[in-house]
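Just query.pdb here, PDB, C-alpha atoms and all ligand atoms:
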MODEL        1
ATOM      1  CA  MET L   1      57.813  90.555  79.465  1.00  0.00           C
ATOM      2  CA  GLY L   2      59.154  88.104  76.875  1.00  0.00           C
ATOM      3  CA  HIS L   3      57.216  85.028  75.988  1.00  0.00           C
ATOM      4  CA  MET L   4      58.208  81.748  77.528  1.00  0.00           C
ATOM      5  CA  THR L   5      59.882  79.071  75.547  1.00  0.00           C
ATOM      6  CA  PHE L   6      59.500  75.576  76.906  1.00  0.00           C
ATOM      7  CA  THR L   7      62.602  73.472  76.907  1.00  0.00           C
ATOM      8  CA  LYS L   8      62.338  69.854  75.827  1.00  0.00           C
ATOM      9  CA  GLU L   9      65.483  68.684  77.584  1.00  0.00           C
ATOM     10  CA  PRO L  10      66.270  67.122  79.931  1.00  0.00           C
ATOM     11  CA  TYR L  11      62.541  66.987  80.557  1.00  0.00           C
ATOM     12  CA  PRO L  12      59.831  68.396  78.368  1.00  0.00           C
ATOM     13  CA  TRP L  13      57.403  71.090  79.476  1.00  0.00           C
ATOM     14  CA  THR L  14      59.544  72.903  81.946  1.00  0.00           C
ATOM     15  CA  ARG L  15      60.243  76.555  82.525  1.00  0.00           C
ATOM     16  CA  VAL L  16      62.365  77.759  85.425  1.00  0.00           C
ATOM     17  CA  PHE L  17      62.295  81.535  85.926  1.00  0.00           C
ATOM     18  CA  SER L  18      64.226  81.917  89.174  1.00  0.00           C
ATOM     19  CA  ASP L  19      67.708  81.052  90.332  1.00  0.00           C
ATOM     20  CA  PRO L  20      68.134  78.289  92.886  1.00  0.00           C
ATOM     21  CA  SER L  21      68.236  79.430  96.480  1.00  0.00           C
ATOM     22  CA  PRO L  22      71.612  79.226  98.263  1.00  0.00           C
ATOM     23  CA  ARG L  23      69.821  77.584 101.208  1.00  0.00           C
ATOM     24  CA  PRO L  24      66.855  75.208 100.907  1.00  0.00           C
ATOM     25  CA  LYS L  25      63.630  77.234 100.842  1.00  0.00           C
ATOM     26  CA  PRO L  26      60.027  76.118 101.313  1.00  0.00           C
ATOM     27  CA  CYS L  27      57.670  76.153  98.366  1.00  0.00           C
ATOM     28  CA  LEU L  28      54.006  76.669  97.613  1.00  0.00           C
ATOM     29  CA  PHE L  29      53.152  74.094  94.943  1.00  0.00           C
ATOM     30  CA  LEU L  30      50.063  74.935  92.935  1.00  0.00           C
ATOM     31  CA  ASP L  31      48.034  72.871  90.538  1.00  0.00           C
ATOM     32  CA  ARG L  32      46.968  74.994  87.556  1.00  0.00           C
ATOM     33  CA  ASP L  33      43.471  74.073  86.338  1.00  0.00           C
ATOM     34  CA  GLY L  34      40.955  74.508  89.139  1.00  0.00           C
ATOM     35  CA  VAL L  35      43.472  76.241  91.442  1.00  0.00           C
ATOM     36  CA  ILE L  36      45.283  79.075  89.644  1.00  0.00           C
ATOM     37  CA  ILE L  37      42.739  79.382  86.839  1.00  0.00           C
ATOM     38  CA  GLU L  38      39.209  78.202  86.109  1.00  0.00           C
ATOM     39  CA  ASP L  39      39.111  74.600  84.937  1.00  0.00           C
ATOM     40  CA  CYS L  40      37.833  74.618  81.354  1.00  0.00           C
ATOM     41  CA  GLU L  41      38.356  70.885  80.607  1.00  0.00           C
ATOM     42  CA  TYR L  42      41.354  70.687  78.293  1.00  0.00           C
ATOM     43  CA  LEU L  43      41.899  74.409  78.022  1.00  0.00           C
ATOM     44  CA  SER L  44      43.445  75.345  74.679  1.00  0.00           C
ATOM     45  CA  ASP L  45      42.211  78.899  74.039  1.00  0.00           C
ATOM     46  CA  PRO L  46      44.144  81.715  75.781  1.00  0.00           C
ATOM     47  CA  GLU L  47      40.901  83.744  75.793  1.00  0.00           C
ATOM     48  CA  ASN L  48      39.540  81.347  78.411  1.00  0.00           C
ATOM     49  CA  VAL L  49      42.352  81.902  80.922  1.00  0.00           C
ATOM     50  CA  ARG L  50      40.653  83.318  84.028  1.00  0.00           C
ATOM     51  CA  LEU L  51      42.387  83.636  87.403  1.00  0.00           C
ATOM     52  CA  LEU L  52      40.450  82.175  90.328  1.00  0.00           C
ATOM     53  CA  PRO L  53      39.508  84.349  93.310  1.00  0.00           C
ATOM     54  CA  GLY L  54      42.171  84.499  96.010  1.00  0.00           C
ATOM     55  CA  ILE L  55      45.033  83.044  94.001  1.00  0.00           C
ATOM     56  CA  VAL L  56      46.920  86.341  93.698  1.00  0.00           C
ATOM     57  CA  ASP L  57      46.614  86.909  97.473  1.00  0.00           C
ATOM     58  CA  LEU L  58      47.802  83.359  98.120  1.00  0.00           C
ATOM     59  CA  MET L  59      50.853  83.891  95.921  1.00  0.00           C
ATOM     60  CA  ALA L  60      51.573  87.187  97.692  1.00  0.00           C
ATOM     61  CA  LEU L  61      51.455  85.376 101.042  1.00  0.00           C
ATOM     62  CA  ALA L  62      54.004  82.816  99.819  1.00  0.00           C
ATOM     63  CA  ARG L  63      56.305  85.671  98.759  1.00  0.00           C
ATOM     64  CA  GLN L  64      55.861  87.348 102.122  1.00  0.00           C
ATOM     65  CA  LYS L  65      56.928  84.081 103.774  1.00  0.00           C
ATOM     66  CA  ASP L  66      59.930  83.866 101.435  1.00  0.00           C
ATOM     67  CA  ALA L  67      58.702  80.671  99.786  1.00  0.00           C
ATOM     68  CA  PHE L  68      59.004  79.664  96.158  1.00  0.00           C
ATOM     69  CA  ILE L  69      55.861  79.368  94.034  1.00  0.00           C
ATOM     70  CA  VAL L  70      55.828  76.469  91.581  1.00  0.00           C
ATOM     71  CA  GLN L  71      53.098  75.287  89.243  1.00  0.00           C
ATOM     72  CA  VAL L  72      52.788  71.521  88.705  1.00  0.00           C
ATOM     73  CA  THR L  73      50.166  70.554  86.140  1.00  0.00           C
ATOM     74  CA  ASN L  74      49.083  67.368  84.376  1.00  0.00           C
ATOM     75  CA  GLN L  75      48.286  68.179  80.749  1.00  0.00           C
ATOM     76  CA  SER L  76      47.192  64.904  79.220  1.00  0.00           C
ATOM     77  CA  GLY L  77      45.101  66.797  76.665  1.00  0.00           C
ATOM     78  CA  VAL L  78      48.273  66.940  74.605  1.00  0.00           C
ATOM     79  CA  ALA L  79      48.753  63.163  74.655  1.00  0.00           C
ATOM     80  CA  ARG L  80      45.065  62.673  73.926  1.00  0.00           C
ATOM     81  CA  GLY L  81      45.228  64.972  70.899  1.00  0.00           C
ATOM     82  CA  TYR L  82      42.788  67.570  72.318  1.00  0.00           C
ATOM     83  CA  PHE L  83      45.294  70.383  71.875  1.00  0.00           C
ATOM     84  CA  THR L  84      48.824  70.916  70.632  1.00  0.00           C
ATOM     85  CA  ASP L  85      51.899  71.812  72.588  1.00  0.00           C
ATOM     86  CA  GLN L  86      51.804  75.199  70.845  1.00  0.00           C
ATOM     87  CA  GLU L  87      48.294  75.786  72.183  1.00  0.00           C
ATOM     88  CA  PHE L  88      49.477  74.832  75.647  1.00  0.00           C
ATOM     89  CA  ILE L  89      52.304  77.359  75.372  1.00  0.00           C
ATOM     90  CA  ALA L  90      49.868  80.077  74.210  1.00  0.00           C
ATOM     91  CA  VAL L  91      47.704  79.426  77.280  1.00  0.00           C
ATOM     92  CA  GLU L  92      50.765  79.524  79.543  1.00  0.00           C
ATOM     93  CA  ASN L  93      51.911  82.804  78.006  1.00  0.00           C
ATOM     94  CA  ARG L  94      48.488  84.336  78.589  1.00  0.00           C
ATOM     95  CA  LEU L  95      48.541  83.097  82.179  1.00  0.00           C
ATOM     96  CA  ALA L  96      52.010  84.571  82.736  1.00  0.00           C
ATOM     97  CA  GLU L  97      50.766  87.936  81.417  1.00  0.00           C
ATOM     98  CA  LYS L  98      47.688  87.869  83.637  1.00  0.00           C
ATOM     99  CA  LEU L  99      49.735  86.998  86.716  1.00  0.00           C
ATOM    100  CA  SER L 100      52.433  89.569  86.078  1.00  0.00           C
ATOM    101  CA  SER L 101      49.800  92.283  85.583  1.00  0.00           C
ATOM    102  CA  GLN L 102      48.801  91.525  89.205  1.00  0.00           C
ATOM    103  CA  ASP L 103      52.409  91.397  90.424  1.00  0.00           C
ATOM    104  CA  ALA L 104      52.230  87.642  90.882  1.00  0.00           C
ATOM    105  CA  GLN L 105      54.974  85.432  89.470  1.00  0.00           C
ATOM    106  CA  ARG L 106      55.698  81.751  89.487  1.00  0.00           C
ATOM    107  CA  ASP L 107      59.298  80.665  90.035  1.00  0.00           C
ATOM    108  CA  ALA L 108      58.894  77.635  87.808  1.00  0.00           C
ATOM    109  CA  VAL L 109      56.310  75.792  85.763  1.00  0.00           C
ATOM    110  CA  TYR L 110      56.246  72.027  85.268  1.00  0.00           C
ATOM    111  CA  ALA L 111      53.719  70.310  83.046  1.00  0.00           C
ATOM    112  CA  CYS L 112      53.312  66.637  82.247  1.00  0.00           C
ATOM    113  CA  PRO L 113      51.741  65.897  78.860  1.00  0.00           C
ATOM    114  CA  TYR L 114      52.078  62.112  79.159  1.00  0.00           C
ATOM    115  CA  HIS L 115      49.184  59.710  79.536  1.00  0.00           C
ATOM    116  CA  LYS L 116      48.779  55.968  79.330  1.00  0.00           C
ATOM    117  CA  ASP L 117      46.104  56.300  76.629  1.00  0.00           C
ATOM    118  CA  GLY L 118      48.004  59.001  74.777  1.00  0.00           C
ATOM    119  CA  GLN L 119      49.452  59.108  71.304  1.00  0.00           C
ATOM    120  CA  PRO L 120      53.187  59.040  70.568  1.00  0.00           C
ATOM    121  CA  PRO L 121      55.401  60.682  71.612  1.00  0.00           C
ATOM    122  CA  TYR L 122      53.303  61.282  74.737  1.00  0.00           C
ATOM    123  CA  GLN L 123      52.091  57.764  75.395  1.00  0.00           C
ATOM    124  CA  HIS L 124      53.471  56.530  78.703  1.00  0.00           C
ATOM    125  CA  ALA L 125      52.117  53.829  81.025  1.00  0.00           C
ATOM    126  CA  ALA L 126      53.008  55.626  84.271  1.00  0.00           C
ATOM    127  CA  HIS L 127      55.135  58.692  83.693  1.00  0.00           C
ATOM    128  CA  PRO L 128      56.996  59.711  86.871  1.00  0.00           C
ATOM    129  CA  TRP L 129      55.955  63.330  86.277  1.00  0.00           C
ATOM    130  CA  ARG L 130      52.246  62.628  86.060  1.00  0.00           C
ATOM    131  CA  LYS L 131      50.577  63.312  89.391  1.00  0.00           C
ATOM    132  CA  PRO L 132      49.969  61.461  91.708  1.00  0.00           C
ATOM    133  CA  HIS L 133      53.617  60.624  91.019  1.00  0.00           C
ATOM    134  CA  PRO L 134      55.916  63.202  92.610  1.00  0.00           C
ATOM    135  CA  GLY L 135      58.299  63.678  89.648  1.00  0.00           C
ATOM    136  CA  MET L 136      57.483  67.324  88.918  1.00  0.00           C
ATOM    137  CA  ILE L 137      57.850  68.219  92.599  1.00  0.00           C
ATOM    138  CA  TYR L 138      61.214  66.454  92.758  1.00  0.00           C
ATOM    139  CA  ALA L 139      62.380  68.218  89.605  1.00  0.00           C
ATOM    140  CA  ALA L 140      61.458  71.584  91.117  1.00  0.00           C
ATOM    141  CA  ALA L 141      63.254  70.705  94.352  1.00  0.00           C
ATOM    142  CA  GLU L 142      66.394  70.024  92.359  1.00  0.00           C
ATOM    143  CA  ASP L 143      66.095  73.068  90.083  1.00  0.00           C
ATOM    144  CA  LEU L 144      65.394  75.623  92.843  1.00  0.00           C
ATOM    145  CA  ASN L 145      66.740  74.022  96.060  1.00  0.00           C
ATOM    146  CA  ILE L 146      63.463  73.428  97.874  1.00  0.00           C
ATOM    147  CA  ASP L 147      62.971  72.184 101.422  1.00  0.00           C
ATOM    148  CA  LEU L 148      60.193  69.686 100.659  1.00  0.00           C
ATOM    149  CA  GLY L 149      59.477  68.950 104.324  1.00  0.00           C
ATOM    150  CA  LYS L 150      58.430  72.584 104.812  1.00  0.00           C
ATOM    151  CA  SER L 151      56.479  72.813 101.556  1.00  0.00           C
ATOM    152  CA  VAL L 152      52.764  72.593 100.798  1.00  0.00           C
ATOM    153  CA  ILE L 153      50.576  71.807  97.790  1.00  0.00           C
ATOM    154  CA  VAL L 154      47.181  73.195  96.801  1.00  0.00           C
ATOM    155  CA  GLY L 155      45.000  71.108  94.519  1.00  0.00           C
ATOM    156  CA  ASP L 156      41.431  70.427  93.447  1.00  0.00           C
ATOM    157  CA  SER L 157      42.122  66.782  92.556  1.00  0.00           C
ATOM    158  CA  ALA L 158      42.916  63.955  94.949  1.00  0.00           C
ATOM    159  CA  ARG L 159      45.998  63.165  92.883  1.00  0.00           C
ATOM    160  CA  ASP L 160      47.431  66.621  93.657  1.00  0.00           C
ATOM    161  CA  ILE L 161      47.098  65.889  97.361  1.00  0.00           C
ATOM    162  CA  GLU L 162      48.544  62.398  96.893  1.00  0.00           C
ATOM    163  CA  ALA L 163      51.536  63.797  94.981  1.00  0.00           C
ATOM    164  CA  GLY L 164      52.279  66.038  97.963  1.00  0.00           C
ATOM    165  CA  LEU L 165      52.216  63.039 100.287  1.00  0.00           C
ATOM    166  CA  GLN L 166      54.478  61.036  97.989  1.00  0.00           C
ATOM    167  CA  ALA L 167      56.954  63.926  97.767  1.00  0.00           C
ATOM    168  CA  GLY L 168      57.166  64.310 101.549  1.00  0.00           C
ATOM    169  CA  LEU L 169      55.519  67.738 101.825  1.00  0.00           C
ATOM    170  CA  CYS L 170      54.051  68.818 105.175  1.00  0.00           C
ATOM    171  CA  GLN L 171      50.555  69.904 104.085  1.00  0.00           C
ATOM    172  CA  GLY L 172      48.034  69.242 101.345  1.00  0.00           C
ATOM    173  CA  LEU L 173      45.281  71.811 100.883  1.00  0.00           C
ATOM    174  CA  HIS L 174      42.225  70.722  98.968  1.00  0.00           C
ATOM    175  CA  VAL L 175      39.958  73.312  97.359  1.00  0.00           C
ATOM    176  CA  LEU L 176      36.396  73.019  96.067  1.00  0.00           C
ATOM    177  CA  THR L 177      37.067  74.942  92.861  1.00  0.00           C
ATOM    178  CA  GLY L 178      37.616  72.938  89.648  1.00  0.00           C
ATOM    179  CA  HIS L 179      36.925  69.252  90.308  1.00  0.00           C
ATOM    180  CA  GLY L 180      37.050  69.800  94.064  1.00  0.00           C
ATOM    181  CA  GLU L 181      33.488  68.757  94.909  1.00  0.00           C
ATOM    182  CA  ARG L 182      33.770  65.283  93.454  1.00  0.00           C
ATOM    183  CA  GLU L 183      37.376  64.794  94.629  1.00  0.00           C
ATOM    184  CA  ARG L 184      37.029  65.825  98.253  1.00  0.00           C
ATOM    185  CA  VAL L 185      36.416  62.416  99.832  1.00  0.00           C
ATOM    186  CA  ALA L 186      39.300  60.871  97.896  1.00  0.00           C
ATOM    187  CA  ALA L 187      41.617  63.767  98.766  1.00  0.00           C
ATOM    188  CA  LEU L 188      41.032  63.301 102.488  1.00  0.00           C
ATOM    189  CA  ARG L 189      42.321  59.717 102.299  1.00  0.00           C
ATOM    190  CA  PHE L 190      45.881  61.031 102.079  1.00  0.00           C
ATOM    191  CA  GLN L 191      45.857  62.619 105.514  1.00  0.00           C
ATOM    192  CA  ARG L 192      48.760  61.326 107.640  1.00  0.00           C
ATOM    193  CA  GLN L 193      50.382  62.316 110.912  1.00  0.00           C
ATOM    194  CA  ALA L 194      53.234  64.089 109.120  1.00  0.00           C
ATOM    195  CA  TYR L 195      51.079  65.284 106.214  1.00  0.00           C
ATOM    196  CA  ARG L 196      48.105  67.353 107.218  1.00  0.00           C
ATOM    197  CA  VAL L 197      45.301  67.488 104.670  1.00  0.00           C
ATOM    198  CA  THR L 198      42.856  70.338 105.115  1.00  0.00           C
ATOM    199  CA  THR L 199      39.821  71.374 103.100  1.00  0.00           C
ATOM    200  CA  HIS L 200      38.949  74.837 101.858  1.00  0.00           C
ATOM    201  CA  ALA L 201      36.353  76.416  99.614  1.00  0.00           C
ATOM    202  CA  THR L 202      38.686  78.671  97.650  1.00  0.00           C
ATOM    203  CA  ALA L 203      42.245  79.987  97.458  1.00  0.00           C
ATOM    204  CA  HIS L 204      41.076  82.818  99.756  1.00  0.00           C
ATOM    205  CA  ALA L 205      40.444  80.278 102.506  1.00  0.00           C
ATOM    206  CA  VAL L 206      43.759  78.545 101.790  1.00  0.00           C
ATOM    207  CA  CYS L 207      45.471  81.902 102.197  1.00  0.00           C
ATOM    208  CA  ARG L 208      43.836  82.528 105.573  1.00  0.00           C
ATOM    209  CA  HIS L 209      44.761  79.019 106.728  1.00  0.00           C
ATOM    210  CA  LEU L 210      48.399  79.224 105.656  1.00  0.00           C
ATOM    211  CA  MET L 211      48.849  82.669 107.188  1.00  0.00           C
ATOM    212  CA  SER L 212      48.834  81.088 110.654  1.00  0.00           C
ATOM    213  CA  SER L 213      49.711  77.427 110.047  1.00  0.00           C
ATOM    214  CA  TRP L 214      52.733  77.598 107.754  1.00  0.00           C
ATOM    215  CA  LEU L 215      56.288  78.810 108.382  1.00  0.00           C
TER
HETATM  216 MG    MG Q 301      43.232  70.657  88.800  1.00  0.00          MG
ENDMDL
END

Translate the structure described by the file into structure tokens.
Amino acid sequence: MGHMTFTKEPYPWTRVFSDPSPRPKPCLFLDRDGVIIEDCEYLSDPENVRLLPGIVDLMALARQKDAFIVQVTNQSGVARGYFTDQEFIAVENRLAEKLSSQDAQRDAVYACPYHKDGQPPYQHAAHPWRKPHPGMIYAAAEDLNIDLGKSVIVGDSARDIEAGLQAGLCQGLHVLTGHGERERVAALRFQRQAYRVTTHATAHAVCRHLMSSWL
């Protein structure tokens, strides 16, 4: 598999691997750190990329249900100067290798390096891509033709769950991996009638839940 190159235009930090669907398809949106891989606090070393238990099964379930799989990740470590965009790309390449060795593939990756306390060019007061804003989800919907009302998001942070609400998804699934323990109470505040927020220990539990409650 070739290494990814991240385009800078029209938005930075985007990689779309799949063609858009002719009809709108549902999507499994996944946060990266604390959901797909272990959260290492500003991960910059590809050696520290470790898949979390259950994530490969969860991605296989989404495929079985004919849903897209899209990663949406805040990466303010770039704006804060903790790592470079090249280091981010090296981590993403390692992740892509690890996933493809398990027959798991993402259809697109969106990352937002902007932060209000960041350094130029990544200083931004409230970038529309930075979760809890729904910009990355909207971009994916446009790039792939996603039916947002039938789509779900899995996150360890409350802002992942809030982004799903803001984007009009039907379910937010909060996990205890990553920052999950300290974010759980906040995540549950985004429960609505049309946006069910459920809590799970790991991606394994998310997989079991979605098997019967989604699509
Ligand atoms: Mg996270």

Hey, what's within 9 Å of L:Gln166 if we count only C-alpha atoms and toss same-chain stuff fewer than 6 positions away? As an MDAnalysis selection string, please? chainID L and resid 132:134

Which of L:Arg50, L:Lys98, L:Lys25, L:Lys131 sits closest to ligand MG 301 (chain Q) [using only C-alpha atoms and all ligand atoms]: L:Lys131

Find the residues of stretch 23-94 of chain L that sit at most 12 Å from stretch 106-127 of chain L; for each, write down the nearest two atoms and how far apart they are in Å, to one decimal. Count only C-alpha atoms. Sort by chain, then by number going up, and give it as a Markdown table.
| residue | atom | partner | partner_atom | distance |
| --- | --- | --- | --- | --- |
| L:Cys27 | CA | L:Asp107 | CA | 9.6 |
| L:Leu28 | CA | L:Arg106 | CA | 9.7 |
| L:Phe29 | CA | L:Arg106 | CA | 9.7 |
| L:Leu30 | CA | L:Arg106 | CA | 9.5 |
| L:Asp31 | CA | L:Ala111 | CA | 9.7 |
| L:Arg32 | CA | L:Ala111 | CA | 9.4 |
| L:Asp33 | CA | L:Ala111 | CA | 11.4 |
| L:Ile36 | CA | L:Arg106 | CA | 10.8 |
| L:Tyr42 | CA | L:Pro113 | CA | 11.5 |
| L:Ile55 | CA | L:Arg106 | CA | 11.7 |
| L:Val56 | CA | L:Arg106 | CA | 10.8 |
| L:Leu58 | CA | L:Arg106 | CA | 11.8 |
| L:Met59 | CA | L:Arg106 | CA | 8.3 |
| L:Ala60 | CA | L:Arg106 | CA | 10.7 |
| L:Ala62 | CA | L:Arg106 | CA | 10.5 |
| L:Arg63 | CA | L:Arg106 | CA | 10.1 |
| L:Asp66 | CA | L:Asp107 | CA | 11.9 |
| L:Ala67 | CA | L:Asp107 | CA | 9.8 |
| L:Phe68 | CA | L:Asp107 | CA | 6.2 |
| L:Ile69 | CA | L:Arg106 | CA | 5.1 |
| L:Val70 | CA | L:Ala108 | CA | 5.0 |
| L:Gln71 | CA | L:Val109 | CA | 4.8 |
| L:Val72 | CA | L:Tyr110 | CA | 4.9 |
| L:Thr73 | CA | L:Ala111 | CA | 4.7 |
| L:Asn74 | CA | L:Cys112 | CA | 4.8 |
| L:Gln75 | CA | L:Pro113 | CA | 4.6 |
| L:Ser76 | CA | L:Pro113 | CA | 4.7 |
| L:Gly77 | CA | L:Pro113 | CA | 7.1 |
| L:Val78 | CA | L:Pro113 | CA | 5.6 |
| L:Ala79 | CA | L:Gly118 | CA | 4.2 |
| L:Arg80 | CA | L:Gly118 | CA | 4.8 |
| L:Gly81 | CA | L:Gln119 | CA | 7.2 |
| L:Tyr82 | CA | L:Gly118 | CA | 10.3 |
| L:Phe83 | CA | L:Pro113 | CA | 10.5 |
| L:Thr84 | CA | L:Pro113 | CA | 10.1 |
| L:Asp85 | CA | L:Pro113 | CA | 8.6 |
| L:Phe88 | CA | L:Ala111 | CA | 9.7 |
| L:Ile89 | CA | L:Ala111 | CA | 10.5 |
| L:Glu92 | CA | L:Val109 | CA | 9.1 |
| L:Asn93 | CA | L:Val109 | CA | 11.3 |

Atom pair atom CA of L:Ser44 + atom CA of L:Gln86, distance 9.2 Å

Could you spell out the hits of the PyMOL selection byres (((not hetatm)) within 7 of (chain Q and resi 301)) on the shown file, as a VMD selection string? chain L and resid 31 to 35 39 155 to 157 178 to 179

Residues returned when the PyMOL selection byres (((chain L and resi 174) around 12) and not hetatm) runs on this file, as JSON, numbers by chain: {"L": [30, 31, 34, 35, 152, 153, 154, 155, 156, 157, 158, 159, 160, 161, 162, 164, 171, 172, 173, 175, 176, 177, 178, 179, 180, 181, 182, 183, 184, 185, 186, 187, 188, 189, 190, 191, 196, 197, 198, 199, 200, 201, 202, 203, 205, 206, 209]}

Run the PyMOL selection byres (((chain L and resi 215) around 8) and not hetatm) mentally over the shown coordinates, then write out the matched residues as a JSON list (two decimals) with C-alpha atoms, keeping the file's coordinate frame, using the chain letters and numbers from the document.
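What follows is the written file selection11.json:
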[["chain", "number", "residue", "atom", "x", "y", "z"],
["L", 65, "LYS", "CA", 56.93, 84.08, 103.77],
["L", 150, "LYS", "CA", 58.43, 72.58, 104.81],
["L", 213, "SER", "CA", 49.71, 77.43, 110.05],
["L", 214, "TRP", "CA", 52.73, 77.60, 107.75]]

C-alpha atoms of stretch 104-158 of chain L from block above, as a PDB file, in the first residue's frame:
ATOM      1  CA  ALA L 104      -9.791  -2.828   8.133  1.00  0.00           C
ATOM      2  CA  GLN L 105      -9.882   0.346   6.052  1.00  0.00           C
ATOM      3  CA  ARG L 106     -11.156   3.835   6.577  1.00  0.00           C
ATOM      4  CA  ASP L 107     -12.956   5.510   3.680  1.00  0.00           C
ATOM      5  CA  ALA L 108     -11.673   8.933   4.649  1.00  0.00           C
ATOM      6  CA  VAL L 109      -9.622  10.683   7.291  1.00  0.00           C
ATOM      7  CA  TYR L 110     -10.234  14.235   8.487  1.00  0.00           C
ATOM      8  CA  ALA L 111      -7.998  15.949  11.003  1.00  0.00           C
ATOM      9  CA  CYS L 112      -8.212  19.443  12.434  1.00  0.00           C
ATOM     10  CA  PRO L 113      -4.887  20.928  13.543  1.00  0.00           C
ATOM     11  CA  TYR L 114      -6.343  24.315  14.511  1.00  0.00           C
ATOM     12  CA  HIS L 115      -6.590  25.628  18.047  1.00  0.00           C
ATOM     13  CA  LYS L 116      -7.369  28.972  19.601  1.00  0.00           C
ATOM     14  CA  ASP L 117      -4.063  28.973  21.507  1.00  0.00           C
ATOM     15  CA  GLY L 118      -2.104  27.671  18.540  1.00  0.00           C
ATOM     16  CA  GLN L 119       0.718  29.171  16.552  1.00  0.00           C
ATOM     17  CA  PRO L 120       0.352  30.419  12.974  1.00  0.00           C
ATOM     18  CA  PRO L 121      -0.737  29.115  10.566  1.00  0.00           C
ATOM     19  CA  TYR L 122      -2.859  26.942  12.868  1.00  0.00           C
ATOM     20  CA  GLN L 123      -4.145  29.577  15.252  1.00  0.00           C
ATOM     21  CA  HIS L 124      -7.914  29.850  14.947  1.00  0.00           C
ATOM     22  CA  ALA L 125     -10.453  31.121  17.490  1.00  0.00           C
ATOM     23  CA  ALA L 126     -13.158  28.566  16.646  1.00  0.00           C
ATOM     24  CA  HIS L 127     -12.326  26.536  13.573  1.00  0.00           C
ATOM     25  CA  PRO L 128     -15.458  24.946  12.068  1.00  0.00           C
ATOM     26  CA  TRP L 129     -13.585  21.639  11.757  1.00  0.00           C
ATOM     27  CA  ARG L 130     -12.575  21.431  15.394  1.00  0.00           C
ATOM     28  CA  LYS L 131     -14.979  19.214  17.307  1.00  0.00           C
ATOM     29  CA  PRO L 132     -17.472  19.905  18.878  1.00  0.00           C
ATOM     30  CA  HIS L 133     -18.078  21.808  15.638  1.00  0.00           C
ATOM     31  CA  PRO L 134     -19.424  19.488  12.943  1.00  0.00           C
ATOM     32  CA  GLY L 135     -17.220  20.704  10.055  1.00  0.00           C
ATOM     33  CA  MET L 136     -15.277  17.478   9.503  1.00  0.00           C
ATOM     34  CA  ILE L 137     -18.498  15.450   9.514  1.00  0.00           C
ATOM     35  CA  TYR L 138     -20.071  17.817   6.988  1.00  0.00           C
ATOM     36  CA  ALA L 139     -16.988  17.639   4.780  1.00  0.00           C
ATOM     37  CA  ALA L 140     -17.154  13.840   4.809  1.00  0.00           C
ATOM     38  CA  ALA L 141     -20.868  13.923   3.991  1.00  0.00           C
ATOM     39  CA  GLU L 142     -20.093  16.024   0.945  1.00  0.00           C
ATOM     40  CA  ASP L 143     -17.046  14.020  -0.164  1.00  0.00           C
ATOM     41  CA  LEU L 144     -18.651  10.560   0.141  1.00  0.00           C
ATOM     42  CA  ASN L 145     -22.433  11.189  -0.027  1.00  0.00           C
ATOM     43  CA  ILE L 146     -23.373  10.266   3.529  1.00  0.00           C
ATOM     44  CA  ASP L 147     -26.853  10.000   5.010  1.00  0.00           C
ATOM     45  CA  LEU L 148     -26.113  11.836   8.271  1.00  0.00           C
ATOM     46  CA  GLY L 149     -29.493  11.015   9.817  1.00  0.00           C
ATOM     47  CA  LYS L 150     -28.608   7.308   9.695  1.00  0.00           C
ATOM     48  CA  SER L 151     -25.020   7.779  10.865  1.00  0.00           C
ATOM     49  CA  VAL L 152     -23.372   7.328  14.257  1.00  0.00           C
ATOM     50  CA  ILE L 153     -20.240   8.566  16.019  1.00  0.00           C
ATOM     51  CA  VAL L 154     -18.004   6.828  18.551  1.00  0.00           C
ATOM     52  CA  GLY L 155     -15.914   8.982  20.857  1.00  0.00           C
ATOM     53  CA  ASP L 156     -14.152   9.094  24.208  1.00  0.00           C
ATOM     54  CA  SER L 157     -14.573  12.867  24.593  1.00  0.00           C
ATOM     55  CA  ALA L 158     -17.800  14.758  25.191  1.00  0.00           C
TER      56      ALA L 158
END
